[in-house]
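model.txt (compact mmCIF, C-alpha atoms)
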# COMPACT_ATOMS: atom_id res chain seq x y z
CA MET A 1073 136.47 84.68 63.29
CA LYS A 1074 138.27 81.36 63.72
CA ARG A 1075 137.09 77.78 63.62
CA TYR A 1076 137.84 76.22 67.02
CA PRO A 1077 137.60 72.45 67.60
CA THR A 1078 136.06 71.66 71.00
CA SER A 1079 137.20 69.01 73.42
CA LYS A 1080 134.97 67.26 75.90
CA SER A 1081 135.94 69.56 78.75
CA GLU A 1082 135.69 72.67 76.63
CA ASP A 1083 132.37 71.55 75.28
CA GLN A 1084 131.06 71.28 78.86
CA GLU A 1085 132.39 74.73 79.74
CA LEU A 1086 131.58 76.75 76.67
CA CYS A 1087 128.32 75.20 75.62
CA PHE A 1088 126.50 75.42 78.95
CA LEU A 1089 123.88 77.70 77.44
CA HIS A 1090 123.11 75.22 74.68
CA PRO A 1091 123.66 71.64 75.91
CA SER A 1092 121.55 70.39 73.00
CA MET A 1093 124.27 71.53 70.64
CA ARG A 1094 126.54 68.69 71.72
CA LYS A 1095 124.85 66.65 68.98
CA GLU A 1096 124.22 67.67 65.44
CA GLN A 1097 120.85 69.42 65.30
CA PRO A 1098 118.96 70.78 62.29
CA ILE A 1099 119.02 74.52 62.13
CA TYR A 1100 116.76 74.89 59.12
CA PRO A 1101 114.07 72.23 58.93
CA GLY A 1102 113.78 70.58 55.52
CA LEU A 1103 117.43 71.04 54.46
CA GLY A 1104 118.56 67.60 55.65
CA ASN A 1105 122.28 67.28 56.36
CA PHE A 1106 122.88 70.72 54.86
CA GLY A 1107 120.92 72.25 57.70
CA LYS A 1108 123.09 70.70 60.46
CA ILE A 1109 126.18 72.08 62.15
CA PRO A 1110 129.20 69.93 62.87
CA ARG A 1111 130.70 69.31 66.38
CA THR A 1112 132.77 72.41 65.92
CA LEU A 1113 131.69 75.82 67.03
CA THR A 1114 132.35 79.19 65.56
CA LEU A 1115 133.08 81.45 68.51
CA ASP A 1116 133.96 85.04 68.87
CA LEU A 1117 137.32 84.88 70.64
CA THR A 1118 136.84 88.42 71.78
CA ARG A 1119 134.34 87.23 74.52
CA SER A 1120 136.06 87.35 77.85
CA LYS A 1121 135.85 84.84 80.67
CA GLU A 1122 134.24 87.54 82.81
CA GLU A 1123 131.39 87.85 80.32
CA ILE A 1124 130.85 84.10 80.33
CA GLN A 1125 130.89 83.98 84.16
CA PHE A 1126 128.36 86.85 84.30
CA GLN A 1127 126.01 84.94 82.03
CA LYS A 1128 126.34 81.89 84.29
CA GLU A 1129 125.43 83.90 87.40
CA GLU A 1130 122.59 85.66 85.60
CA GLY A 1131 121.11 82.31 84.54
CA ALA A 1132 121.36 80.89 88.06
CA GLY A 1133 119.64 83.96 89.49
CA GLN A 1134 116.79 83.60 87.06
CA GLU A 1135 116.36 79.95 88.06
CA ARG A 1136 116.21 80.87 91.77
CA GLY A 1137 113.63 83.54 91.02
CA VAL A 1138 111.49 81.05 89.15
CA ASP A 1139 111.73 78.59 92.07
CA MET A 1140 110.65 81.23 94.60
CA LEU A 1141 107.74 82.29 92.43
CA THR A 1142 106.62 78.67 92.03
CA LYS A 1143 106.69 78.09 95.81
CA LEU A 1144 104.75 81.30 96.45
CA GLN A 1145 102.09 80.32 93.92
CA PHE A 1146 101.77 76.88 95.54
CA SER A 1147 101.39 78.38 99.04
CA LEU A 1148 98.72 80.80 97.85
CA SER A 1149 96.86 77.99 96.10
CA VAL A 1150 96.81 75.83 99.25
CA THR A 1151 95.63 78.75 101.38
CA LEU A 1152 92.86 79.54 98.91
CA LEU A 1153 91.81 75.87 98.84
CA PHE A 1154 91.47 75.71 102.64
CA ALA A 1155 89.58 79.01 102.74
CA CYS A 1156 87.11 77.77 100.12
CA GLY A 1157 86.65 74.51 102.04
CA PHE A 1158 85.94 76.38 105.26
CA LEU A 1159 83.42 78.69 103.60
CA TYR A 1160 81.71 75.74 101.94
CA GLN A 1161 81.37 73.85 105.24
CA PHE A 1162 80.17 76.97 107.02
CA THR A 1163 77.47 77.71 104.46
CA LEU A 1164 76.44 74.12 103.77
CA LYS A 1165 74.06 73.96 106.77
CA PRO A 1166 73.21 77.49 107.82
CA SER A 1167 70.67 76.25 110.37
CA CYS A 1168 73.37 74.40 112.33
CA LEU A 1169 74.94 76.79 114.79
CA ILE A 1170 77.62 74.28 115.75
CA CYS A 1171 77.94 71.03 113.86
CA TYR A 1172 81.36 70.03 115.09
CA LEU A 1173 83.60 70.85 117.99
CA PRO A 1174 86.48 73.17 117.03
CA SER A 1175 89.30 71.05 115.60
CA TYR A 1176 91.91 72.31 118.04
CA LYS A 1177 89.68 71.11 120.87
CA SER A 1178 88.58 67.79 119.41
CA GLN A 1179 92.22 66.87 118.86
CA GLN A 1180 92.97 67.23 122.55
CA GLY A 1181 92.14 64.03 124.39
CA LEU A 1182 90.72 63.92 127.88
CA GLU A 1183 93.95 62.57 129.36
CA ALA A 1184 96.01 65.36 127.77
CA LEU A 1185 93.65 68.03 129.10
CA LEU A 1186 93.65 66.62 132.61
CA SER A 1187 97.44 66.65 132.65
CA ARG A 1188 97.34 70.46 132.36
CA GLY A 1189 96.19 70.89 135.94
CA ARG A 1190 93.19 70.67 138.20
CA SER A 1191 90.04 70.63 136.10
CA ILE A 1192 86.53 71.87 136.86
CA VAL A 1193 84.00 69.18 136.02
CA PHE A 1194 80.28 69.30 135.17
CA LEU A 1195 78.23 66.24 134.22
CA GLU A 1196 75.04 65.72 132.23
CA THR A 1197 73.73 62.19 132.79
CA SER A 1198 70.57 62.55 130.67
CA GLU A 1199 70.50 62.48 126.87
CA ARG A 1200 69.70 66.17 126.60
CA MET A 1201 71.85 68.18 124.22
CA ALA A 1202 70.43 71.67 124.82
CA PRO A 1203 71.81 73.14 128.06
CA THR A 1204 69.61 75.71 129.75
CA PRO A 1205 70.83 79.26 130.48
CA LEU A 1206 71.53 78.23 134.09
CA VAL A 1207 73.76 75.35 132.99
CA CYS A 1208 75.48 77.65 130.54
CA CYS A 1209 76.01 80.27 133.24
CA ALA A 1210 77.50 77.70 135.62
CA VAL A 1211 80.03 76.52 133.03
CA GLU A 1212 80.87 80.02 131.77
CA SER A 1213 81.35 81.41 135.27
CA ALA A 1214 83.76 78.56 136.11
CA ALA A 1215 85.72 79.23 132.91
CA LYS A 1216 85.91 82.91 133.87
CA VAL A 1217 87.10 82.24 137.43
CA TYR A 1218 89.60 79.53 136.39
CA PRO A 1219 90.99 80.80 133.05
CA GLU A 1220 94.13 78.64 133.19
CA GLN A 1221 92.31 75.41 134.01
CA PRO A 1222 90.25 73.17 131.72
CA VAL A 1223 86.50 73.30 132.37
CA LEU A 1224 84.86 70.06 131.27
CA LEU A 1225 81.23 69.39 130.47
CA LEU A 1226 80.75 65.63 130.08
CA MET A 1227 77.50 64.81 128.32
CA LYS A 1228 75.93 61.38 127.99
CA GLY A 1229 74.20 62.47 124.79
CA LEU A 1230 77.48 63.34 123.06
CA ASN A 1231 78.91 60.51 120.98
CA ASN A 1232 82.48 59.29 121.04
CA SER A 1233 83.43 60.88 117.71
CA MET A 1234 83.13 64.34 119.28
CA GLN A 1235 80.55 65.24 116.65
CA LEU A 1236 77.38 66.92 117.75
CA PRO A 1237 74.13 65.58 116.31
CA PRO A 1238 73.31 66.96 112.84
CA ASN A 1239 70.14 68.59 114.16
CA SER A 1240 71.93 70.32 117.05
CA THR A 1241 70.98 74.00 117.00
CA SER A 1242 71.60 74.77 120.67
CA PRO A 1243 72.79 78.37 121.14
CA ALA A 1244 74.19 77.32 124.53
CA LEU A 1245 76.45 74.67 122.97
CA SER A 1246 77.58 77.18 120.39
CA LEU A 1247 78.39 79.68 123.12
CA LEU A 1248 80.21 77.19 125.36
CA SER A 1249 82.30 75.64 122.61
CA ALA A 1250 83.60 79.11 121.70
CA ILE A 1251 85.14 79.61 125.17
CA ASP A 1252 88.84 78.78 125.05
CA ASN A 1253 89.08 76.65 128.20
CA VAL A 1254 85.68 74.91 127.97
CA PHE A 1255 85.70 71.38 126.54
CA LEU A 1256 82.79 69.06 125.76
CA PHE A 1257 83.35 65.32 126.09
CA PRO A 1258 81.16 62.21 125.93
CA LEU A 1259 80.24 60.63 129.26
CA ASP A 1260 80.97 56.90 128.94
CA MET A 1261 80.03 55.47 132.32
CA LYS A 1262 81.22 51.93 131.70
CA SER A 1263 84.69 53.13 130.80
CA LEU A 1264 84.67 55.63 133.66
CA PHE A 1265 83.83 52.97 136.26
CA GLU A 1266 86.56 50.57 135.17
CA ASP A 1267 89.20 49.93 137.86
CA THR A 1268 86.89 51.25 140.59
CA PRO A 1269 84.53 49.50 143.06
CA LEU A 1270 81.63 50.83 140.99
CA PHE A 1271 82.34 48.69 137.92
CA SER A 1272 80.82 45.44 139.22
CA TRP A 1273 77.75 47.33 140.44
CA TYR A 1274 77.27 49.11 137.12
CA THR A 1275 77.61 45.97 134.98
CA ARG A 1276 74.90 44.10 136.88
CA ILE A 1277 72.40 46.92 137.51
CA ASN A 1278 69.21 47.20 135.47
CA SER A 1279 68.93 50.95 135.04
CA SER A 1280 65.44 50.74 133.53
CA THR A 1281 64.04 49.61 136.90
CA GLU A 1282 65.82 52.32 138.91
CA ARG A 1283 63.45 55.09 139.92
CA PHE A 1284 66.15 57.72 140.49
CA TRP A 1285 68.67 56.46 137.94
CA LEU A 1286 69.68 59.88 136.57
CA HIS A 1287 70.63 61.05 140.03
CA ILE A 1288 72.20 57.78 141.18
CA SER A 1289 74.31 57.49 138.03
CA SER A 1290 75.35 61.10 138.50
CA ASP A 1291 76.38 60.44 142.12
CA ALA A 1292 78.48 57.49 140.98
CA SER A 1293 80.06 59.28 138.00
CA ARG A 1294 81.30 62.25 139.98
CA LEU A 1295 82.96 60.01 142.57
CA ALA A 1296 84.73 57.93 139.92
CA PHE A 1297 85.86 60.91 137.85
CA ILE A 1298 87.35 62.92 140.68
CA TRP A 1299 88.97 59.80 142.18
CA LYS A 1300 90.59 58.94 138.84
CA TYR A 1301 91.62 62.37 137.64
CA GLY A 1302 91.27 64.80 140.52
CA GLY A 1303 89.78 68.27 140.23
CA VAL A 1304 86.65 70.05 141.39
CA TYR A 1305 83.17 68.75 140.70
CA MET A 1306 80.25 71.22 140.55
CA ASP A 1307 76.54 70.79 139.96
CA THR A 1308 75.19 72.66 136.95
CA ASP A 1309 73.29 75.21 139.06
CA VAL A 1310 76.41 76.49 140.84
CA ILE A 1311 77.71 79.92 139.79
CA SER A 1312 81.41 80.47 140.48
CA ILE A 1313 82.47 83.86 141.82
CA ARG A 1314 86.09 83.37 143.01
CA PRO A 1315 88.70 80.58 143.08
CA ILE A 1316 88.51 77.83 145.68
CA PRO A 1317 91.85 77.82 147.54
CA GLU A 1318 91.63 74.17 148.67
CA ASP A 1319 92.75 71.05 146.80
CA ASN A 1320 90.95 68.52 149.02
CA PHE A 1321 87.59 69.60 150.41
CA LEU A 1322 83.93 68.86 151.05
CA ALA A 1323 81.28 71.59 151.17
CA ALA A 1324 78.97 71.89 154.15
CA GLN A 1325 75.35 72.42 153.26
CA LYS A 1326 74.66 73.05 156.91
CA SER A 1327 76.40 72.25 160.17
CA GLN A 1328 77.65 68.64 160.26
CA PHE A 1329 76.00 67.77 156.95
CA SER A 1330 77.88 67.56 153.66
CA SER A 1331 76.69 68.34 150.18
CA ASN A 1332 78.00 66.43 147.20
CA GLY A 1333 77.05 69.24 144.80
CA VAL A 1334 80.55 70.73 145.11
CA PHE A 1335 83.70 68.90 146.21
CA GLY A 1336 87.31 68.60 145.16
CA PHE A 1337 90.21 66.20 145.67
CA LEU A 1338 93.56 65.30 144.23
CA PRO A 1339 93.65 62.05 142.23
CA HIS A 1340 93.30 58.72 144.08
CA HIS A 1341 92.32 60.21 147.39
CA PRO A 1342 91.39 57.37 149.80
CA PHE A 1343 88.27 59.18 151.03
CA LEU A 1344 86.68 58.89 147.58
CA TRP A 1345 87.70 55.23 147.26
CA GLU A 1346 85.91 54.49 150.54
CA CYS A 1347 82.90 56.45 149.28
CA MET A 1348 82.72 54.21 146.22
CA GLU A 1349 83.04 51.08 148.34
CA ASN A 1350 80.27 52.29 150.63
CA PHE A 1351 78.17 53.20 147.60
CA VAL A 1352 78.14 49.54 146.53
CA GLU A 1353 78.02 47.89 149.95
CA ASN A 1354 75.09 50.02 151.17
CA TYR A 1355 73.31 50.53 147.88
CA ASN A 1356 69.67 51.47 148.41
CA PRO A 1357 68.02 52.95 145.30
CA ARG A 1358 64.66 53.45 147.07
CA ILE A 1359 65.97 56.31 149.23
CA TRP A 1360 66.71 59.45 147.30
CA GLY A 1361 70.13 60.88 148.20
CA HIS A 1362 71.33 57.69 149.88
CA GLN A 1363 74.19 57.43 147.37
CA GLY A 1364 74.67 61.22 147.26
CA PRO A 1365 74.90 63.75 150.09
CA GLU A 1366 73.91 61.11 152.64
CA LEU A 1367 76.84 58.95 151.52
CA MET A 1368 79.27 61.85 151.82
CA THR A 1369 77.98 62.65 155.30
CA ARG A 1370 78.22 59.00 156.44
CA LEU A 1371 81.88 58.78 155.44
CA LEU A 1372 82.66 62.26 156.75
CA ARG A 1373 81.50 61.19 160.21
CA VAL A 1374 83.77 58.16 160.03
CA TRP A 1375 86.81 60.20 159.06
CA CYS A 1376 86.22 63.25 161.23
CA LYS A 1377 84.98 64.27 164.63
CA LEU A 1378 82.40 66.75 163.46
CA ARG A 1379 81.48 69.81 165.47
CA ASP A 1380 79.55 72.97 164.76
CA PHE A 1381 81.23 75.73 162.81
CA GLN A 1382 82.56 78.74 164.70
CA GLU A 1383 81.88 81.99 162.85
CA VAL A 1384 83.01 81.72 159.20
CA SER A 1385 85.86 79.30 159.64
CA ASP A 1386 86.43 75.94 157.97
CA LEU A 1387 87.08 72.65 159.72
CA LYS A 1388 90.20 70.58 159.13
CA CYS A 1389 89.81 66.82 158.93
CA LEU A 1390 93.00 64.82 158.46
CA ASN A 1391 94.21 65.85 154.97
CA PHE A 1392 91.10 67.62 153.69
CA SER A 1393 88.87 70.53 154.71
CA PHE A 1394 85.16 70.73 155.49
CA LEU A 1395 84.17 74.15 154.23
CA HIS A 1396 81.71 76.45 155.98
CA PRO A 1397 78.17 76.71 154.50
CA GLN A 1398 78.87 80.33 153.60
CA ARG A 1399 81.37 79.14 150.98
CA PHE A 1400 78.66 77.74 148.68
CA TYR A 1401 75.30 77.99 150.44
CA PRO A 1402 75.05 81.54 151.87
CA ILE A 1403 71.32 81.53 151.02
CA SER A 1404 69.67 78.47 152.54
CA PHE A 1405 67.22 76.24 150.73
CA ARG A 1406 64.30 77.76 152.65
CA ALA A 1407 65.17 81.21 151.31
CA TRP A 1408 65.84 80.17 147.69
CA ARG A 1409 63.31 82.69 146.34
CA ARG A 1410 65.58 85.49 147.50
CA TYR A 1411 67.69 84.87 144.40
CA TYR A 1412 64.70 85.95 142.28
CA GLU A 1413 63.91 89.08 144.27
CA VAL A 1414 65.11 92.69 144.04
CA TRP A 1415 67.35 93.61 146.96
CA ASP A 1416 67.69 97.10 148.40
CA THR A 1417 71.33 96.29 149.12
CA GLU A 1418 72.65 93.20 147.44
CA PRO A 1419 74.90 90.88 149.45
CA SER A 1420 78.61 90.98 148.67
CA PHE A 1421 79.19 87.24 149.11
CA ASN A 1422 82.70 88.07 150.26
CA ASP A 1423 82.97 84.78 152.13
CA SER A 1424 81.74 82.65 149.22
CA TYR A 1425 83.57 80.85 146.43
CA ALA A 1426 80.44 79.92 144.49
CA LEU A 1427 76.67 80.08 144.87
CA HIS A 1428 74.30 77.15 144.70
CA LEU A 1429 70.99 78.43 143.34
CA TRP A 1430 68.82 75.58 144.72
CA ASN A 1431 67.24 75.15 141.31
CA HIS A 1432 65.42 71.98 142.35
CA MET A 1433 63.34 74.11 144.72
CA ASN A 1434 62.09 76.28 141.87
CA GLN A 1435 58.81 74.46 141.26
CA GLU A 1436 57.17 77.74 140.30
CA GLY A 1437 59.31 78.01 137.19
CA LYS A 1438 60.79 81.40 138.11
CA ALA A 1439 62.85 82.68 135.22
CA VAL A 1440 65.89 84.91 135.00
CA VAL A 1441 64.56 87.99 133.18
CA ARG A 1442 66.70 90.63 131.56
CA GLY A 1443 66.04 94.07 133.09
CA SER A 1444 64.33 92.72 136.22
CA ASN A 1445 67.17 93.87 138.52
CA THR A 1446 66.77 90.72 140.60
CA LEU A 1447 69.73 89.23 142.43
CA VAL A 1448 70.03 86.33 139.99
CA GLU A 1449 69.92 88.65 136.96
CA ASN A 1450 72.77 90.69 138.41
CA LEU A 1451 74.73 87.50 139.11
CA TYR A 1452 74.34 86.49 135.47
CA ARG A 1453 75.37 89.94 134.26
CA LYS A 1454 78.54 89.91 136.37
CA HIS A 1455 79.69 86.29 136.37
CA CYS A 1456 78.46 84.91 133.03
CA PRO A 1457 78.17 87.95 130.73
CA LYS A 1458 78.10 85.94 127.48
CA THR A 1459 75.15 83.88 128.71
CA TYR A 1460 73.44 87.06 129.89
CA LYS A 1461 73.92 88.76 126.53
CA ASP A 1462 73.08 85.85 124.21
CA LEU A 1463 70.60 83.65 126.06
CA LEU A 1464 68.52 85.79 128.41
CA GLN A 1465 65.42 87.52 127.14
CA GLY A 1466 63.28 90.35 128.40
CA PRO A 1467 59.81 90.16 129.98
CA GLU A 1468 58.10 89.64 126.61
CA GLY A 1469 60.06 86.46 125.92
CA SER A 1470 61.37 85.23 129.22
CA VAL A 1471 63.49 82.12 129.25
CA THR A 1472 61.51 79.63 131.27
CA ARG A 1473 62.97 76.94 133.41
CA GLU A 1474 63.16 73.41 132.03
CA GLN A 1475 62.40 70.40 134.14
CA SER A 1476 64.87 67.53 134.16
CA PRO A 1477 63.82 64.03 133.12
CA GLY A 1478 62.79 61.97 136.13
CA LYS A 1479 62.85 64.99 138.37
CA ARG A 1480 59.21 64.95 139.45
CA GLN A 1481 59.73 61.61 141.20
CA ALA A 1482 62.66 63.01 143.11
CA GLU A 1483 60.69 66.09 144.11
CA GLU A 1484 58.15 63.89 145.84
CA MET A 1485 60.93 62.77 148.14
CA VAL A 1486 62.07 66.23 149.19
CA GLN A 1487 59.03 68.51 149.17
CA GLY A 1488 58.25 69.42 152.72
CA GLY A 1489 61.21 67.41 154.02
CA GLU A 1490 62.81 68.79 157.17
CA GLY A 1491 65.50 66.15 157.62
CA PRO A 1492 69.02 66.62 156.27
CA TYR A 1493 68.38 64.30 153.32
CA GLY A 1494 65.25 66.19 152.36
CA LEU A 1495 67.42 69.26 152.02
CA ALA A 1496 69.93 67.69 149.69
CA LEU A 1497 70.06 69.13 146.21
CA LEU A 1498 68.70 67.31 143.18
CA HIS A 1499 71.59 66.85 140.81
CA PHE A 1500 71.42 68.30 137.34
CA CYS A 1501 68.04 69.87 137.81
CA ARG A 1502 67.90 72.91 135.59
Please render this file's structure as structure tokens.
Amino acid sequence: MKRYPTSKSEDQELCFLHPSMRKEQPIYPGLGNFGKIPRTLTLDLTRSKEEIQFQKEEGAGQERGVDMLTKLQFSLSVTLLFACGFLYQFTLKPSCLICYLPSYKSQQGLEALLSRGRSIVFLETSERMAPTPLVCCAVESAAKVYPEQPVLLLMKGLNNSMQLPPNSTSPALSLLSAIDNVFLFPLDMKSLFEDTPLFSWYTRINSSTERFWLHISSDASRLAFIWKYGGVYMDTDVISIRPIPEDNFLAAQKSQFSSNGVFGFLPHHPFLWECMENFVENYNPRIWGHQGPELMTRLLRVWCKLRDFQEVSDLKCLNFSFLHPQRFYPISFRAWRRYYEVWDTEPSFNDSYALHLWNHMNQEGKAVVRGSNTLVENLYRKHCPKTYKDLLQGPEGSVTREQSPGKRQAEEMVQGGEGPYGLALLHFCR
């Protein structure tokens, strides 16, 4: 053994395992200066540089291992924290089937969704927050037929924070919100009507004095939405069965008469702008349908030279199509009960894109019953299987039809009507 005085550089190299030894430190507590070592080290000169380098590498490896273990522990802790938070929120209110929209949906704004392509749009202009099975079937069937396109249900009763009411226990909302391409949004009419001819009308109207306000506001909202954003509008009693191949179209309810229960256009189409102008200029709230199918038909006759349909062929009118009644109305309003009957041979509907179920005609409250083998039950089973499985009941607990607010007044206008406006559908009737 030899006493070896250390220099500054040597001290840095040889004392890396004990940096605290660069100052005099007590080795044996209580011995005072006798228990300290001087700034000289007693080293075994037989230790090779290779041994020292090995110890350096071994120490560095241990430090890396400790770092990796620390990061892993942190990741596991964060994951466990989120899992506990989710379970707590899920169990906090067991009676609430859906208290919030899924976060990945609520973070997607309306503008971002609409930029993904042509959307399918449904509107609810009342305050109701419990869609009926028919509404649910209409939305689900559209999501099934158009899996790559956003399907929107805009609801007046939904607030702007995207949060459903605390007492919302609607199985239909729970079902719809779980479908990947279905999105629920608030319906803010004032914002929707901005930058359209409808804004001045809406800001001065007294809705409380309007007899058919739910239907009139619905007629206005669909025009504004499709003009602004484009897409396909559908009433909530329309079951989709195959894709519509047209971008710009109106649907014939019968020869030379247009429905406004289904229509589609690209954004800012001039036909819809003229419809909104005519809506305001010829506003007559006392006549049911005057701002709805009658409006569409008035403008259609201005734009097109209408003629009767030949076989099952559509009519072309400038840059949009007027689709044959078979496309959406293969069963006429007079025969609406046929949907609730058992058929020996069910129709194929090969010429149809969707089926309007004429729900406003169902004053008898006919229900869709599981196991009845009626045409409408089979349509549910095929085109909206989730609704069929989760919302339909058997004969002992049949789901009965709900009546829309303000609907009875509208029915007085159409019952027994033989004119084209008496045949027009009542929007958002369940």
For the contact check between region 1233-1324 of chain A and region 1346-1356 of chain A, emit one row per residue of region 1233-1324 of chain A within 9 Å, containing the shortest atom pair and the distance in Å rounded to one decimal, counting only C-alpha atoms, chain then rising number order, as JSON lines.
{"residue": "A:Thr1268", "atom": "CA", "partner": "A:Met1348", "partner_atom": "CA", "distance": 7.6}
{"residue": "A:Pro1269", "atom": "CA", "partner": "A:Glu1349", "partner_atom": "CA", "distance": 5.7}
{"residue": "A:Leu1270", "atom": "CA", "partner": "A:Met1348", "partner_atom": "CA", "distance": 6.3}
{"residue": "A:Ser1272", "atom": "CA", "partner": "A:Val1352", "partner_atom": "CA", "distance": 8.8}
{"residue": "A:Trp1273", "atom": "CA", "partner": "A:Val1352", "partner_atom": "CA", "distance": 6.5}
{"residue": "A:Ala1292", "atom": "CA", "partner": "A:Met1348", "partner_atom": "CA", "distance": 7.5}
{"residue": "A:Leu1295", "atom": "CA", "partner": "A:Met1348", "partner_atom": "CA", "distance": 6.9}
{"residue": "A:Ala1296", "atom": "CA", "partner": "A:Met1348", "partner_atom": "CA", "distance": 7.6}
Residues near Val1414 (chain A), anyone? I mean within 7 Å using all atoms listed in the file, not counting same-chain ones fewer than 3 positions away, as number ranges by chain. A: 1445-1447
Rounded to one decimal, what separation in Å do you get between CA of Asp1319 (chain A) and CA of Ser1191 (chain A)? 11.0 Å
Do you have the CA of Gly1336 (chain A)-CA of Leu1322 (chain A) distance handy? 6.8 Å
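Here the question is which of A:Leu1264, A:Asn1253, A:Phe1400, A:Gly1443 gets nearest to Gly1466 (chain A) using only C-alpha atoms, and that residue is A:Gly1443.
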List every protein, DNA or RNA residue that has at least one atom no more than 6 Å from (88.4, 64.3, 141.9) in the file's coordinates, counting only C-alpha atoms, and write the result as a PyMOL selection string. chain A and resi 1297-1299+1301-1303+1336-1339
So which residues fall inside 10 Å of (82.5, 68.6, 138.8) if we count only C-alpha atoms? Mind giving them as an MDAnalysis selection string? chainID A and resid 1191:1195 1223:1226 1293:1295 1297:1298 1302:1308 1332:1336
Leu1372 (chain A) environment, 12 Å, all atoms listed in the file, sequence neighbours closer than 3 positions dropped, as a PyMOL selection string: chain A and resi 1321-1324+1328-1332+1343-1344+1346-1347+1350+1365-1369+1375-1379+1387-1390+1392-1394
Grab the CA of Ser1444 (chain A) to CA of Ala1214 (chain A) distance for me, in Å with one decimal place.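 Interatomic distance here is 24.0 Å.
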Test item: residues at most 8 Å from region 1274-1279 of chain A, only C-alpha atoms, excluding those fewer than 4 positions along its chain, as a ChimeraX atom specification: /A:1262,1265,1270,1285
